[in-house]
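So this block is protein13.json, JSON, N, CA, C and O atoms:
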```json
[["chain", "number", "residue", "atom", "x", "y", "z"],
["A", 20, "MET", "N", 26.96, 12.26, 49.70],
["A", 20, "MET", "CA", 27.54, 11.03, 50.20],
["A", 20, "MET", "C", 26.48, 9.93, 50.27],
["A", 20, "MET", "O", 26.78, 8.80, 49.92],
["A", 21, "ARG", "N", 25.31, 10.27, 50.74],
["A", 21, "ARG", "CA", 24.26, 9.25, 50.86],
["A", 21, "ARG", "C", 23.84, 8.73, 49.50],
["A", 21, "ARG", "O", 23.59, 7.54, 49.33],
["A", 22, "LYS", "N", 23.76, 9.63, 48.53],
["A", 22, "LYS", "CA", 23.39, 9.21, 47.18],
["A", 22, "LYS", "C", 24.43, 8.26, 46.62],
["A", 22, "LYS", "O", 24.10, 7.21, 46.06],
["A", 23, "ALA", "N", 25.69, 8.59, 46.79],
["A", 23, "ALA", "CA", 26.76, 7.72, 46.30],
["A", 23, "ALA", "C", 26.71, 6.36, 46.99],
["A", 23, "ALA", "O", 26.89, 5.32, 46.34],
["A", 24, "GLU", "N", 26.43, 6.38, 48.28],
["A", 24, "GLU", "CA", 26.33, 5.13, 49.03],
["A", 24, "GLU", "C", 25.17, 4.27, 48.50],
["A", 24, "GLU", "O", 25.32, 3.06, 48.32],
["A", 25, "ARG", "N", 24.04, 4.90, 48.24],
["A", 25, "ARG", "CA", 22.89, 4.17, 47.68],
["A", 25, "ARG", "C", 23.18, 3.67, 46.28],
["A", 25, "ARG", "O", 22.74, 2.58, 45.91],
["A", 26, "ASP", "N", 23.91, 4.46, 45.49],
["A", 26, "ASP", "CA", 24.27, 4.03, 44.14],
["A", 26, "ASP", "C", 25.12, 2.76, 44.20],
["A", 26, "ASP", "O", 24.89, 1.82, 43.43],
["A", 27, "ILE", "N", 26.06, 2.71, 45.12],
["A", 27, "ILE", "CA", 26.91, 1.52, 45.27],
["A", 27, "ILE", "C", 26.07, 0.34, 45.70],
["A", 27, "ILE", "O", 26.24, -0.79, 45.20],
["A", 28, "GLN", "N", 25.14, 0.56, 46.61],
["A", 28, "GLN", "CA", 24.25, -0.52, 47.04],
["A", 28, "GLN", "C", 23.41, -1.03, 45.87],
["A", 28, "GLN", "O", 23.23, -2.24, 45.71],
["A", 29, "ASP", "N", 22.93, -0.13, 45.03],
["A", 29, "ASP", "CA", 22.16, -0.52, 43.84],
["A", 29, "ASP", "C", 23.03, -1.34, 42.89],
["A", 29, "ASP", "O", 22.58, -2.35, 42.33],
["A", 30, "ILE", "N", 24.25, -0.90, 42.68],
["A", 30, "ILE", "CA", 25.18, -1.63, 41.81],
["A", 30, "ILE", "C", 25.42, -3.03, 42.37],
["A", 30, "ILE", "O", 25.42, -4.02, 41.62],
["A", 31, "GLU", "N", 25.59, -3.12, 43.67],
["A", 31, "GLU", "CA", 25.82, -4.41, 44.31],
["A", 31, "GLU", "C", 24.61, -5.34, 44.11],
["A", 31, "GLU", "O", 24.77, -6.52, 43.80],
["A", 32, "VAL", "N", 23.41, -4.81, 44.23],
["A", 32, "VAL", "CA", 22.19, -5.60, 44.01],
["A", 32, "VAL", "C", 22.16, -6.11, 42.57],
["A", 32, "VAL", "O", 21.88, -7.28, 42.31],
["A", 33, "LEU", "N", 22.44, -5.22, 41.62],
["A", 33, "LEU", "CA", 22.42, -5.62, 40.20],
["A", 33, "LEU", "C", 23.49, -6.67, 39.89],
["A", 33, "LEU", "O", 23.23, -7.64, 39.18],
["A", 34, "LEU", "N", 24.68, -6.48, 40.44],
["A", 34, "LEU", "CA", 25.74, -7.45, 40.21],
["A", 34, "LEU", "C", 25.40, -8.80, 40.83],
["A", 34, "LEU", "O", 25.66, -9.85, 40.22],
["A", 35, "ASN", "N", 24.79, -8.79, 42.00],
["A", 35, "ASN", "CA", 24.35, -10.04, 42.63],
["A", 35, "ASN", "C", 23.31, -10.74, 41.77],
["A", 35, "ASN", "O", 23.34, -11.96, 41.63],
["A", 36, "TRP", "N", 22.41, -9.98, 41.17],
["A", 36, "TRP", "CA", 21.41, -10.56, 40.29],
["A", 36, "TRP", "C", 22.08, -11.22, 39.08],
["A", 36, "TRP", "O", 21.71, -12.33, 38.69],
["A", 37, "LEU", "N", 23.06, -10.55, 38.51],
["A", 37, "LEU", "CA", 23.80, -11.15, 37.38],
["A", 37, "LEU", "C", 24.46, -12.45, 37.80],
["A", 37, "LEU", "O", 24.40, -13.45, 37.07],
["A", 38, "VAL", "N", 25.09, -12.46, 38.97],
["A", 38, "VAL", "CA", 25.76, -13.67, 39.46],
["A", 38, "VAL", "C", 24.73, -14.79, 39.64],
["A", 38, "VAL", "O", 24.96, -15.92, 39.20],
["A", 39, "GLN", "N", 23.62, -14.50, 40.28],
["A", 39, "GLN", "CA", 22.59, -15.51, 40.55],
["A", 39, "GLN", "C", 22.02, -16.09, 39.27],
["A", 39, "GLN", "O", 21.59, -17.24, 39.23],
["A", 40, "ASN", "N", 22.02, -15.30, 38.21],
["A", 40, "ASN", "CA", 21.48, -15.75, 36.92],
["A", 40, "ASN", "C", 22.56, -16.17, 35.94],
["A", 40, "ASN", "O", 22.28, -16.36, 34.76],
["A", 41, "ASP", "N", 23.79, -16.28, 36.44],
["A", 41, "ASP", "CA", 24.94, -16.70, 35.63],
["A", 41, "ASP", "C", 25.08, -15.88, 34.35],
["A", 41, "ASP", "O", 25.27, -16.42, 33.26],
["A", 42, "LEU", "N", 24.97, -14.56, 34.50],
["A", 42, "LEU", "CA", 25.07, -13.65, 33.37],
["A", 42, "LEU", "C", 26.34, -12.81, 33.50],
["A", 42, "LEU", "O", 26.90, -12.65, 34.57],
["A", 43, "ARG", "N", 26.78, -12.27, 32.36],
["A", 43, "ARG", "CA", 27.97, -11.42, 32.31],
["A", 43, "ARG", "C", 27.60, -10.04, 31.79],
["A", 43, "ARG", "O", 26.63, -9.87, 31.07],
["A", 44, "ILE", "N", 28.42, -9.07, 32.14],
["A", 44, "ILE", "CA", 28.24, -7.71, 31.63],
["A", 44, "ILE", "C", 28.69, -7.70, 30.17],
["A", 44, "ILE", "O", 29.80, -8.12, 29.85],
["A", 45, "ASP", "N", 27.83, -7.19, 29.30],
["A", 45, "ASP", "CA", 28.12, -7.13, 27.87],
["A", 45, "ASP", "C", 28.28, -5.67, 27.46],
["A", 45, "ASP", "O", 27.30, -4.97, 27.24],
["A", 46, "PHE", "N", 29.52, -5.21, 27.39],
["A", 46, "PHE", "CA", 29.76, -3.80, 27.10],
["A", 46, "PHE", "C", 29.35, -3.42, 25.68],
["A", 46, "PHE", "O", 29.08, -2.26, 25.41],
["A", 47, "GLU", "N", 29.30, -4.38, 24.78],
["A", 47, "GLU", "CA", 28.87, -4.08, 23.42],
["A", 47, "GLU", "C", 27.37, -3.76, 23.37],
["A", 47, "GLU", "O", 26.89, -3.20, 22.41],
["A", 48, "GLY", "N", 26.65, -4.09, 24.44],
["A", 48, "GLY", "CA", 25.22, -3.80, 24.51],
["A", 48, "GLY", "C", 24.91, -2.35, 24.82],
["A", 48, "GLY", "O", 23.75, -1.99, 24.96],
["A", 49, "TYR", "N", 25.94, -1.52, 24.95],
["A", 49, "TYR", "CA", 25.77, -0.10, 25.26],
["A", 49, "TYR", "C", 26.40, 0.74, 24.15],
["A", 49, "TYR", "O", 27.47, 1.31, 24.31],
["A", 50, "PRO", "N", 25.74, 0.83, 23.00],
["A", 50, "PRO", "CA", 26.34, 1.52, 21.85],
["A", 50, "PRO", "C", 26.55, 3.02, 22.06],
["A", 50, "PRO", "O", 27.35, 3.63, 21.36],
["A", 51, "GLU", "N", 25.85, 3.62, 23.01],
["A", 51, "GLU", "CA", 25.98, 5.07, 23.20],
["A", 51, "GLU", "C", 27.26, 5.47, 23.92],
["A", 51, "GLU", "O", 27.60, 6.64, 23.97],
["A", 52, "LYS", "N", 27.98, 4.50, 24.51],
["A", 52, "LYS", "CA", 29.25, 4.79, 25.20],
["A", 52, "LYS", "C", 30.31, 3.84, 24.69],
["A", 52, "LYS", "O", 30.08, 2.64, 24.61],
["A", 53, "PRO", "N", 31.49, 4.35, 24.39],
["A", 53, "PRO", "CA", 32.58, 3.46, 23.97],
["A", 53, "PRO", "C", 32.97, 2.50, 25.10],
["A", 53, "PRO", "O", 32.94, 2.85, 26.28],
["A", 54, "LYS", "N", 33.32, 1.29, 24.74],
["A", 54, "LYS", "CA", 33.69, 0.27, 25.71],
["A", 54, "LYS", "C", 34.81, 0.75, 26.63],
["A", 54, "LYS", "O", 34.78, 0.51, 27.84],
["A", 55, "GLN", "N", 35.80, 1.43, 26.09],
["A", 55, "GLN", "CA", 36.92, 1.89, 26.92],
["A", 55, "GLN", "C", 36.46, 2.86, 28.01],
["A", 55, "GLN", "O", 36.98, 2.85, 29.11],
["A", 56, "GLU", "N", 35.48, 3.69, 27.68],
["A", 56, "GLU", "CA", 34.94, 4.62, 28.67],
["A", 56, "GLU", "C", 34.19, 3.87, 29.77],
["A", 56, "GLU", "O", 34.32, 4.18, 30.96],
["A", 57, "LEU", "N", 33.43, 2.87, 29.39],
["A", 57, "LEU", "CA", 32.73, 2.05, 30.37],
["A", 57, "LEU", "C", 33.71, 1.29, 31.26],
["A", 57, "LEU", "O", 33.55, 1.22, 32.48],
["A", 58, "LEU", "N", 34.74, 0.73, 30.64],
["A", 58, "LEU", "CA", 35.74, -0.01, 31.41],
["A", 58, "LEU", "C", 36.48, 0.89, 32.39],
["A", 58, "LEU", "O", 36.82, 0.47, 33.49],
["A", 59, "SER", "N", 36.68, 2.13, 32.01],
["A", 59, "SER", "CA", 37.33, 3.08, 32.91],
["A", 59, "SER", "C", 36.50, 3.28, 34.17],
["A", 59, "SER", "O", 37.03, 3.28, 35.29],
["A", 60, "GLY", "N", 35.20, 3.42, 34.02],
["A", 60, "GLY", "CA", 34.32, 3.56, 35.17],
["A", 60, "GLY", "C", 34.28, 2.31, 36.03],
["A", 60, "GLY", "O", 34.30, 2.38, 37.26],
["A", 61, "VAL", "N", 34.27, 1.15, 35.39],
["A", 61, "VAL", "CA", 34.26, -0.11, 36.12],
["A", 61, "VAL", "C", 35.59, -0.30, 36.86],
["A", 61, "VAL", "O", 35.61, -0.79, 37.99],
["A", 62, "ARG", "N", 36.67, 0.11, 36.24],
["A", 62, "ARG", "CA", 37.99, 0.03, 36.90],
["A", 62, "ARG", "C", 37.99, 0.86, 38.19],
["A", 62, "ARG", "O", 38.44, 0.40, 39.23],
["A", 63, "LYS", "N", 37.46, 2.07, 38.12],
["A", 63, "LYS", "CA", 37.38, 2.92, 39.32],
["A", 63, "LYS", "C", 36.51, 2.28, 40.39],
["A", 63, "LYS", "O", 36.86, 2.29, 41.57],
["A", 64, "LEU", "N", 35.39, 1.74, 39.98],
["A", 64, "LEU", "CA", 34.50, 1.05, 40.92],
["A", 64, "LEU", "C", 35.24, -0.10, 41.59],
["A", 64, "LEU", "O", 35.18, -0.27, 42.81],
["A", 65, "TYR", "N", 35.95, -0.89, 40.81],
["A", 65, "TYR", "CA", 36.71, -2.03, 41.33],
["A", 65, "TYR", "C", 37.78, -1.57, 42.32],
["A", 65, "TYR", "O", 37.96, -2.17, 43.38],
["A", 66, "GLN", "N", 38.48, -0.51, 41.99],
["A", 66, "GLN", "CA", 39.55, -0.01, 42.85],
["A", 66, "GLN", "C", 39.04, 0.61, 44.14],
["A", 66, "GLN", "O", 39.66, 0.48, 45.19],
["A", 67, "MET", "N", 37.90, 1.27, 44.08],
["A", 67, "MET", "CA", 37.41, 2.05, 45.22],
["A", 67, "MET", "C", 36.48, 1.30, 46.16],
["A", 67, "MET", "O", 36.30, 1.71, 47.30],
["A", 68, "HIS", "N", 35.89, 0.20, 45.70],
["A", 68, "HIS", "CA", 34.85, -0.46, 46.49],
["A", 68, "HIS", "C", 35.11, -1.96, 46.59],
["A", 68, "HIS", "O", 34.67, -2.74, 45.74],
["A", 69, "ALA", "N", 35.79, -2.35, 47.64],
["A", 69, "ALA", "CA", 36.15, -3.76, 47.84],
["A", 69, "ALA", "C", 34.93, -4.67, 47.87],
["A", 69, "ALA", "O", 35.01, -5.82, 47.46],
["A", 70, "ALA", "N", 33.80, -4.15, 48.31],
["A", 70, "ALA", "CA", 32.59, -4.96, 48.43],
["A", 70, "ALA", "C", 32.11, -5.52, 47.09],
["A", 70, "ALA", "O", 31.44, -6.55, 47.06],
["A", 71, "VAL", "N", 32.44, -4.85, 45.99],
["A", 71, "VAL", "CA", 31.95, -5.32, 44.68],
["A", 71, "VAL", "C", 33.03, -6.03, 43.86],
["A", 71, "VAL", "O", 32.75, -6.51, 42.77],
["A", 72, "ARG", "N", 34.22, -6.14, 44.38],
["A", 72, "ARG", "CA", 35.31, -6.76, 43.60],
["A", 72, "ARG", "C", 35.00, -8.19, 43.18],
["A", 72, "ARG", "O", 35.14, -8.55, 42.02],
["A", 73, "ARG", "N", 34.58, -9.01, 44.14],
["A", 73, "ARG", "CA", 34.28, -10.41, 43.81],
["A", 73, "ARG", "C", 33.15, -10.48, 42.78],
["A", 73, "ARG", "O", 33.18, -11.29, 41.86],
["A", 74, "LEU", "N", 32.17, -9.59, 42.94],
["A", 74, "LEU", "CA", 31.04, -9.59, 42.00],
["A", 74, "LEU", "C", 31.49, -9.20, 40.60],
["A", 74, "LEU", "O", 31.05, -9.79, 39.60],
["A", 75, "LEU", "N", 32.38, -8.22, 40.51],
["A", 75, "LEU", "CA", 32.89, -7.83, 39.19],
["A", 75, "LEU", "C", 33.75, -8.93, 38.59],
["A", 75, "LEU", "O", 33.68, -9.19, 37.38],
["A", 76, "GLU", "N", 34.54, -9.59, 39.40],
["A", 76, "GLU", "CA", 35.35, -10.70, 38.91],
["A", 76, "GLU", "C", 34.47, -11.78, 38.30],
["A", 76, "GLU", "O", 34.85, -12.42, 37.31],
["A", 77, "THR", "N", 33.30, -11.97, 38.87],
["A", 77, "THR", "CA", 32.38, -13.00, 38.40],
["A", 77, "THR", "C", 31.57, -12.56, 37.20],
["A", 77, "THR", "O", 31.28, -13.37, 36.32],
["A", 78, "THR", "N", 31.21, -11.29, 37.13],
["A", 78, "THR", "CA", 30.30, -10.84, 36.08],
["A", 78, "THR", "C", 30.99, -10.27, 34.85],
["A", 78, "THR", "O", 30.33, -10.07, 33.82],
["A", 79, "LEU", "N", 32.27, -10.02, 34.94],
["A", 79, "LEU", "CA", 33.00, -9.55, 33.76],
["A", 79, "LEU", "C", 33.56, -10.74, 32.99],
["A", 79, "LEU", "O", 33.97, -11.74, 33.58],
["A", 80, "LYS", "N", 33.58, -10.61, 31.68],
["A", 80, "LYS", "CA", 34.27, -11.61, 30.86],
["A", 80, "LYS", "C", 35.75, -11.53, 31.19],
["A", 80, "LYS", "O", 36.26, -10.47, 31.56],
["A", 81, "ALA", "N", 36.44, -12.66, 31.07],
["A", 81, "ALA", "CA", 37.86, -12.73, 31.46],
["A", 81, "ALA", "C", 38.69, -11.64, 30.78],
["A", 81, "ALA", "O", 39.52, -11.00, 31.44],
["A", 82, "GLU", "N", 38.46, -11.40, 29.51],
["A", 82, "GLU", "CA", 39.25, -10.39, 28.80],
["A", 82, "GLU", "C", 38.94, -8.98, 29.30],
["A", 82, "GLU", "O", 39.82, -8.13, 29.36],
["A", 83, "ASP", "N", 37.70, -8.72, 29.68],
["A", 83, "ASP", "CA", 37.34, -7.41, 30.22],
["A", 83, "ASP", "C", 37.92, -7.24, 31.63],
["A", 83, "ASP", "O", 38.41, -6.17, 31.97],
["A", 84, "PHE", "N", 37.87, -8.29, 32.43],
["A", 84, "PHE", "CA", 38.44, -8.21, 33.76],
["A", 84, "PHE", "C", 39.94, -7.94, 33.68],
["A", 84, "PHE", "O", 40.48, -7.14, 34.44],
["A", 85, "ALA", "N", 40.60, -8.56, 32.73],
["A", 85, "ALA", "CA", 42.04, -8.32, 32.55],
["A", 85, "ALA", "C", 42.32, -6.86, 32.24],
["A", 85, "ALA", "O", 43.32, -6.30, 32.68],
["A", 86, "LEU", "N", 41.43, -6.22, 31.49],
["A", 86, "LEU", "CA", 41.63, -4.82, 31.12],
["A", 86, "LEU", "C", 41.46, -3.86, 32.31],
["A", 86, "LEU", "O", 42.07, -2.80, 32.33],
["A", 87, "ILE", "N", 40.63, -4.23, 33.30],
["A", 87, "ILE", "CA", 40.45, -3.33, 34.43],
["A", 87, "ILE", "C", 41.40, -3.66, 35.58],
["A", 87, "ILE", "O", 41.56, -2.87, 36.49],
["A", 88, "ASN", "N", 42.00, -4.83, 35.54],
["A", 88, "ASN", "CA", 42.81, -5.29, 36.67],
["A", 88, "ASN", "C", 44.29, -5.30, 36.33],
["A", 88, "ASN", "O", 45.00, -6.25, 36.61],
["A", 89, "ASP", "N", 44.78, -4.22, 35.73],
["A", 89, "ASP", "CA", 46.21, -4.16, 35.40],
["A", 89, "ASP", "C", 46.93, -3.16, 36.24],
["A", 89, "ASP", "O", 46.44, -2.46, 37.03]]
```

Take the structure from the file and write it as structure tokens.
Amino acid sequence: MRKAERDIQDIEVLLNWLVQNDLRIDFEGYPEKPKQELLSGVRKLYQMHAAVRRLLETTLKAEDFALIND
């Protein structure tokens, strides 16, 4: 549980950094994992952790956000 909690905190720090630098998550930059698989994980994160929802809304491209928010 503590590890998962720290992982979420780390994700929140990284997402805040992206927001502060006006950057977006680029799923094509991860060739070792298919985009759909990555989006599936981000969808779960969005659904399970309200604290990162606003950050994901800001850091995902509109088309990617639409795919996780259906």

Report, in Å with one decimal, the straight-line distance from atom CA of A:Gln55 to atom CA of A:Asn40.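 Result for atom CA of A:Gln55 versus atom CA of A:Asn40: 25.5 Å, one decimal.
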
Need to verify the contact set: A:Leu58, 8 Å, only C-alpha atoms, exclusion of same-chain residues closer than 4 positions in sequence. Can you return it as a PyMOL selection string? chain A and resi 54+62+83+86-87

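Counting only C-alpha atoms and comparing A:Ala23, A:Tyr65, A:Glu47, A:Asp29, the residue that lies closest to A:Asp89 is A:Tyr65.
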
My list of candidates is A:Gln39, A:Gly60, A:Lys52, A:His68. Which is closest to A:Glu24 when distances are computed with only C-alpha atoms?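 Closest residue, counting only C-alpha atoms: A:His68.
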
Nearest candidate to A:Glu31 (options A:Thr78, A:Asp45, A:Pro53, A:Val71; using all atoms listed in the file): A:Val71

Give me the residues near A:Arg43 as a list in words, where near means some atom within 8 Å (using only N, CA, C and O atoms) and where sequence neighbours in that chain fewer than 4 positions away do not count.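 In the requested format, the answer is Leu37, Val38, Leu75, Thr77, Thr78, Leu79 and Lys80 of chain A.
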
Atom O of A:Leu64 to atom C of A:Gly48: how many Å, to one decimal? 20.8 Å

Could you pull out the alpha helix (DSSP H) residues of chain A from DSSP and send them as a short mmCIF file (atom, residue, chain, number, x, y, z; two decimals) with N, CA, C and O atoms, keeping the file's coordinate frame?
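Dumped to result34.cif:
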```
data_model
loop_
_atom_site.label_atom_id
_atom_site.label_comp_id
_atom_site.auth_asym_id
_atom_site.auth_seq_id
_atom_site.Cartn_x
_atom_site.Cartn_y
_atom_site.Cartn_z
N ARG A 21 25.31 10.27 50.74
CA ARG A 21 24.26 9.25 50.86
C ARG A 21 23.84 8.73 49.50
O ARG A 21 23.59 7.54 49.33
N LYS A 22 23.76 9.63 48.53
CA LYS A 22 23.39 9.21 47.18
C LYS A 22 24.43 8.26 46.62
O LYS A 22 24.10 7.21 46.06
N ALA A 23 25.69 8.59 46.79
CA ALA A 23 26.76 7.72 46.30
C ALA A 23 26.71 6.36 46.99
O ALA A 23 26.89 5.32 46.34
N GLU A 24 26.43 6.38 48.28
CA GLU A 24 26.33 5.13 49.03
C GLU A 24 25.17 4.27 48.50
O GLU A 24 25.32 3.06 48.32
N ARG A 25 24.04 4.90 48.24
CA ARG A 25 22.89 4.17 47.68
C ARG A 25 23.18 3.67 46.28
O ARG A 25 22.74 2.58 45.91
N ASP A 26 23.91 4.46 45.49
CA ASP A 26 24.27 4.03 44.14
C ASP A 26 25.12 2.76 44.20
O ASP A 26 24.89 1.82 43.43
N ILE A 27 26.06 2.71 45.12
CA ILE A 27 26.91 1.52 45.27
C ILE A 27 26.07 0.34 45.70
O ILE A 27 26.24 -0.79 45.20
N GLN A 28 25.14 0.56 46.61
CA GLN A 28 24.25 -0.52 47.04
C GLN A 28 23.41 -1.03 45.87
O GLN A 28 23.23 -2.24 45.71
N ASP A 29 22.93 -0.13 45.03
CA ASP A 29 22.16 -0.52 43.84
C ASP A 29 23.03 -1.34 42.89
O ASP A 29 22.58 -2.35 42.33
N ILE A 30 24.25 -0.90 42.68
CA ILE A 30 25.18 -1.63 41.81
C ILE A 30 25.42 -3.03 42.37
O ILE A 30 25.42 -4.02 41.62
N GLU A 31 25.59 -3.12 43.67
CA GLU A 31 25.82 -4.41 44.31
C GLU A 31 24.61 -5.34 44.11
O GLU A 31 24.77 -6.52 43.80
N VAL A 32 23.41 -4.81 44.23
CA VAL A 32 22.19 -5.60 44.01
C VAL A 32 22.16 -6.11 42.57
O VAL A 32 21.88 -7.28 42.31
N LEU A 33 22.44 -5.22 41.62
CA LEU A 33 22.42 -5.62 40.20
C LEU A 33 23.49 -6.67 39.89
O LEU A 33 23.23 -7.64 39.18
N LEU A 34 24.68 -6.48 40.44
CA LEU A 34 25.74 -7.45 40.21
C LEU A 34 25.40 -8.80 40.83
O LEU A 34 25.66 -9.85 40.22
N ASN A 35 24.79 -8.79 42.00
CA ASN A 35 24.35 -10.04 42.63
C ASN A 35 23.31 -10.74 41.77
O ASN A 35 23.34 -11.96 41.63
N TRP A 36 22.41 -9.98 41.17
CA TRP A 36 21.41 -10.56 40.29
C TRP A 36 22.08 -11.22 39.08
O TRP A 36 21.71 -12.33 38.69
N LEU A 37 23.06 -10.55 38.51
CA LEU A 37 23.80 -11.15 37.38
C LEU A 37 24.46 -12.45 37.80
O LEU A 37 24.40 -13.45 37.07
N VAL A 38 25.09 -12.46 38.97
CA VAL A 38 25.76 -13.67 39.46
C VAL A 38 24.73 -14.79 39.64
O VAL A 38 24.96 -15.92 39.20
N GLN A 39 23.62 -14.50 40.28
CA GLN A 39 22.59 -15.51 40.55
C GLN A 39 22.02 -16.09 39.27
O GLN A 39 21.59 -17.24 39.23
N LYS A 54 33.32 1.29 24.74
CA LYS A 54 33.69 0.27 25.71
C LYS A 54 34.81 0.75 26.63
O LYS A 54 34.78 0.51 27.84
N GLN A 55 35.80 1.43 26.09
CA GLN A 55 36.92 1.89 26.92
C GLN A 55 36.46 2.86 28.01
O GLN A 55 36.98 2.85 29.11
N GLU A 56 35.48 3.69 27.68
CA GLU A 56 34.94 4.62 28.67
C GLU A 56 34.19 3.87 29.77
O GLU A 56 34.32 4.18 30.96
N LEU A 57 33.43 2.87 29.39
CA LEU A 57 32.73 2.05 30.37
C LEU A 57 33.71 1.29 31.26
O LEU A 57 33.55 1.22 32.48
N LEU A 58 34.74 0.73 30.64
CA LEU A 58 35.74 -0.01 31.41
C LEU A 58 36.48 0.89 32.39
O LEU A 58 36.82 0.47 33.49
N SER A 59 36.68 2.13 32.01
CA SER A 59 37.33 3.08 32.91
C SER A 59 36.50 3.28 34.17
O SER A 59 37.03 3.28 35.29
N GLY A 60 35.20 3.42 34.02
CA GLY A 60 34.32 3.56 35.17
C GLY A 60 34.28 2.31 36.03
O GLY A 60 34.30 2.38 37.26
N VAL A 61 34.27 1.15 35.39
CA VAL A 61 34.26 -0.11 36.12
C VAL A 61 35.59 -0.30 36.86
O VAL A 61 35.61 -0.79 37.99
N ARG A 62 36.67 0.11 36.24
CA ARG A 62 37.99 0.03 36.90
C ARG A 62 37.99 0.86 38.19
O ARG A 62 38.44 0.40 39.23
N LYS A 63 37.46 2.07 38.12
CA LYS A 63 37.38 2.92 39.32
C LYS A 63 36.51 2.28 40.39
O LYS A 63 36.86 2.29 41.57
N LEU A 64 35.39 1.74 39.98
CA LEU A 64 34.50 1.05 40.92
C LEU A 64 35.24 -0.10 41.59
O LEU A 64 35.18 -0.27 42.81
N TYR A 65 35.95 -0.89 40.81
CA TYR A 65 36.71 -2.03 41.33
C TYR A 65 37.78 -1.57 42.32
O TYR A 65 37.96 -2.17 43.38
N GLN A 66 38.48 -0.51 41.99
CA GLN A 66 39.55 -0.01 42.85
C GLN A 66 39.04 0.61 44.14
O GLN A 66 39.66 0.48 45.19
N MET A 67 37.90 1.27 44.08
CA MET A 67 37.41 2.05 45.22
C MET A 67 36.48 1.30 46.16
O MET A 67 36.30 1.71 47.30
N ARG A 72 34.22 -6.14 44.38
CA ARG A 72 35.31 -6.76 43.60
C ARG A 72 35.00 -8.19 43.18
O ARG A 72 35.14 -8.55 42.02
N ARG A 73 34.58 -9.01 44.14
CA ARG A 73 34.28 -10.41 43.81
C ARG A 73 33.15 -10.48 42.78
O ARG A 73 33.18 -11.29 41.86
N LEU A 74 32.17 -9.59 42.94
CA LEU A 74 31.04 -9.59 42.00
C LEU A 74 31.49 -9.20 40.60
O LEU A 74 31.05 -9.79 39.60
N LEU A 75 32.38 -8.22 40.51
CA LEU A 75 32.89 -7.83 39.19
C LEU A 75 33.75 -8.93 38.59
O LEU A 75 33.68 -9.19 37.38
N GLU A 76 34.54 -9.59 39.40
CA GLU A 76 35.35 -10.70 38.91
C GLU A 76 34.47 -11.78 38.30
O GLU A 76 34.85 -12.42 37.31
N THR A 77 33.30 -11.97 38.87
CA THR A 77 32.38 -13.00 38.40
C THR A 77 31.57 -12.56 37.20
O THR A 77 31.28 -13.37 36.32
N THR A 78 31.21 -11.29 37.13
CA THR A 78 30.30 -10.84 36.08
C THR A 78 30.99 -10.27 34.85
O THR A 78 30.33 -10.07 33.82
N ALA A 81 36.44 -12.66 31.07
CA ALA A 81 37.86 -12.73 31.46
C ALA A 81 38.69 -11.64 30.78
O ALA A 81 39.52 -11.00 31.44
N GLU A 82 38.46 -11.40 29.51
CA GLU A 82 39.25 -10.39 28.80
C GLU A 82 38.94 -8.98 29.30
O GLU A 82 39.82 -8.13 29.36
N ASP A 83 37.70 -8.72 29.68
CA ASP A 83 37.34 -7.41 30.22
C ASP A 83 37.92 -7.24 31.63
O ASP A 83 38.41 -6.17 31.97
N PHE A 84 37.87 -8.29 32.43
CA PHE A 84 38.44 -8.21 33.76
C PHE A 84 39.94 -7.94 33.68
O PHE A 84 40.48 -7.14 34.44
N ALA A 85 40.60 -8.56 32.73
CA ALA A 85 42.04 -8.32 32.55
C ALA A 85 42.32 -6.86 32.24
O ALA A 85 43.32 -6.30 32.68
N LEU A 86 41.43 -6.22 31.49
CA LEU A 86 41.63 -4.82 31.12
C LEU A 86 41.46 -3.86 32.31
O LEU A 86 42.07 -2.80 32.33
N ILE A 87 40.63 -4.23 33.30
CA ILE A 87 40.45 -3.33 34.43
C ILE A 87 41.40 -3.66 35.58
O ILE A 87 41.56 -2.87 36.49
#
```

Produce the centre coordinates and the three edge lengths, each in Å to one decimal, of the box along x, y and z that contains all listed atoms of stretch 22-28 of chain A with 3 Å added on each side, as AutoDock Vina command-line options.
```
--center_x 24.8 --center_y 3.7 --center_z 46.2 --size_x 10.2 --size_y 17.9 --size_z 11.6
```

Interatomic distance (Å, one decimal) between atom C of A:Arg25 and atom C of A:Phe84: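 Going from atom C of A:Arg25 over to atom C of A:Phe84, I get 24.0 Å.
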
Between A:Leu57, A:Ala85, A:Leu74, A:Ile27, which residue has the minimum interatomic distance to A:Leu42, considering all atoms listed in the file?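 Checking each of A:Leu57, A:Ala85, A:Leu74, A:Ile27 against A:Leu42, counting all atoms listed in the file, the winner is A:Leu74.
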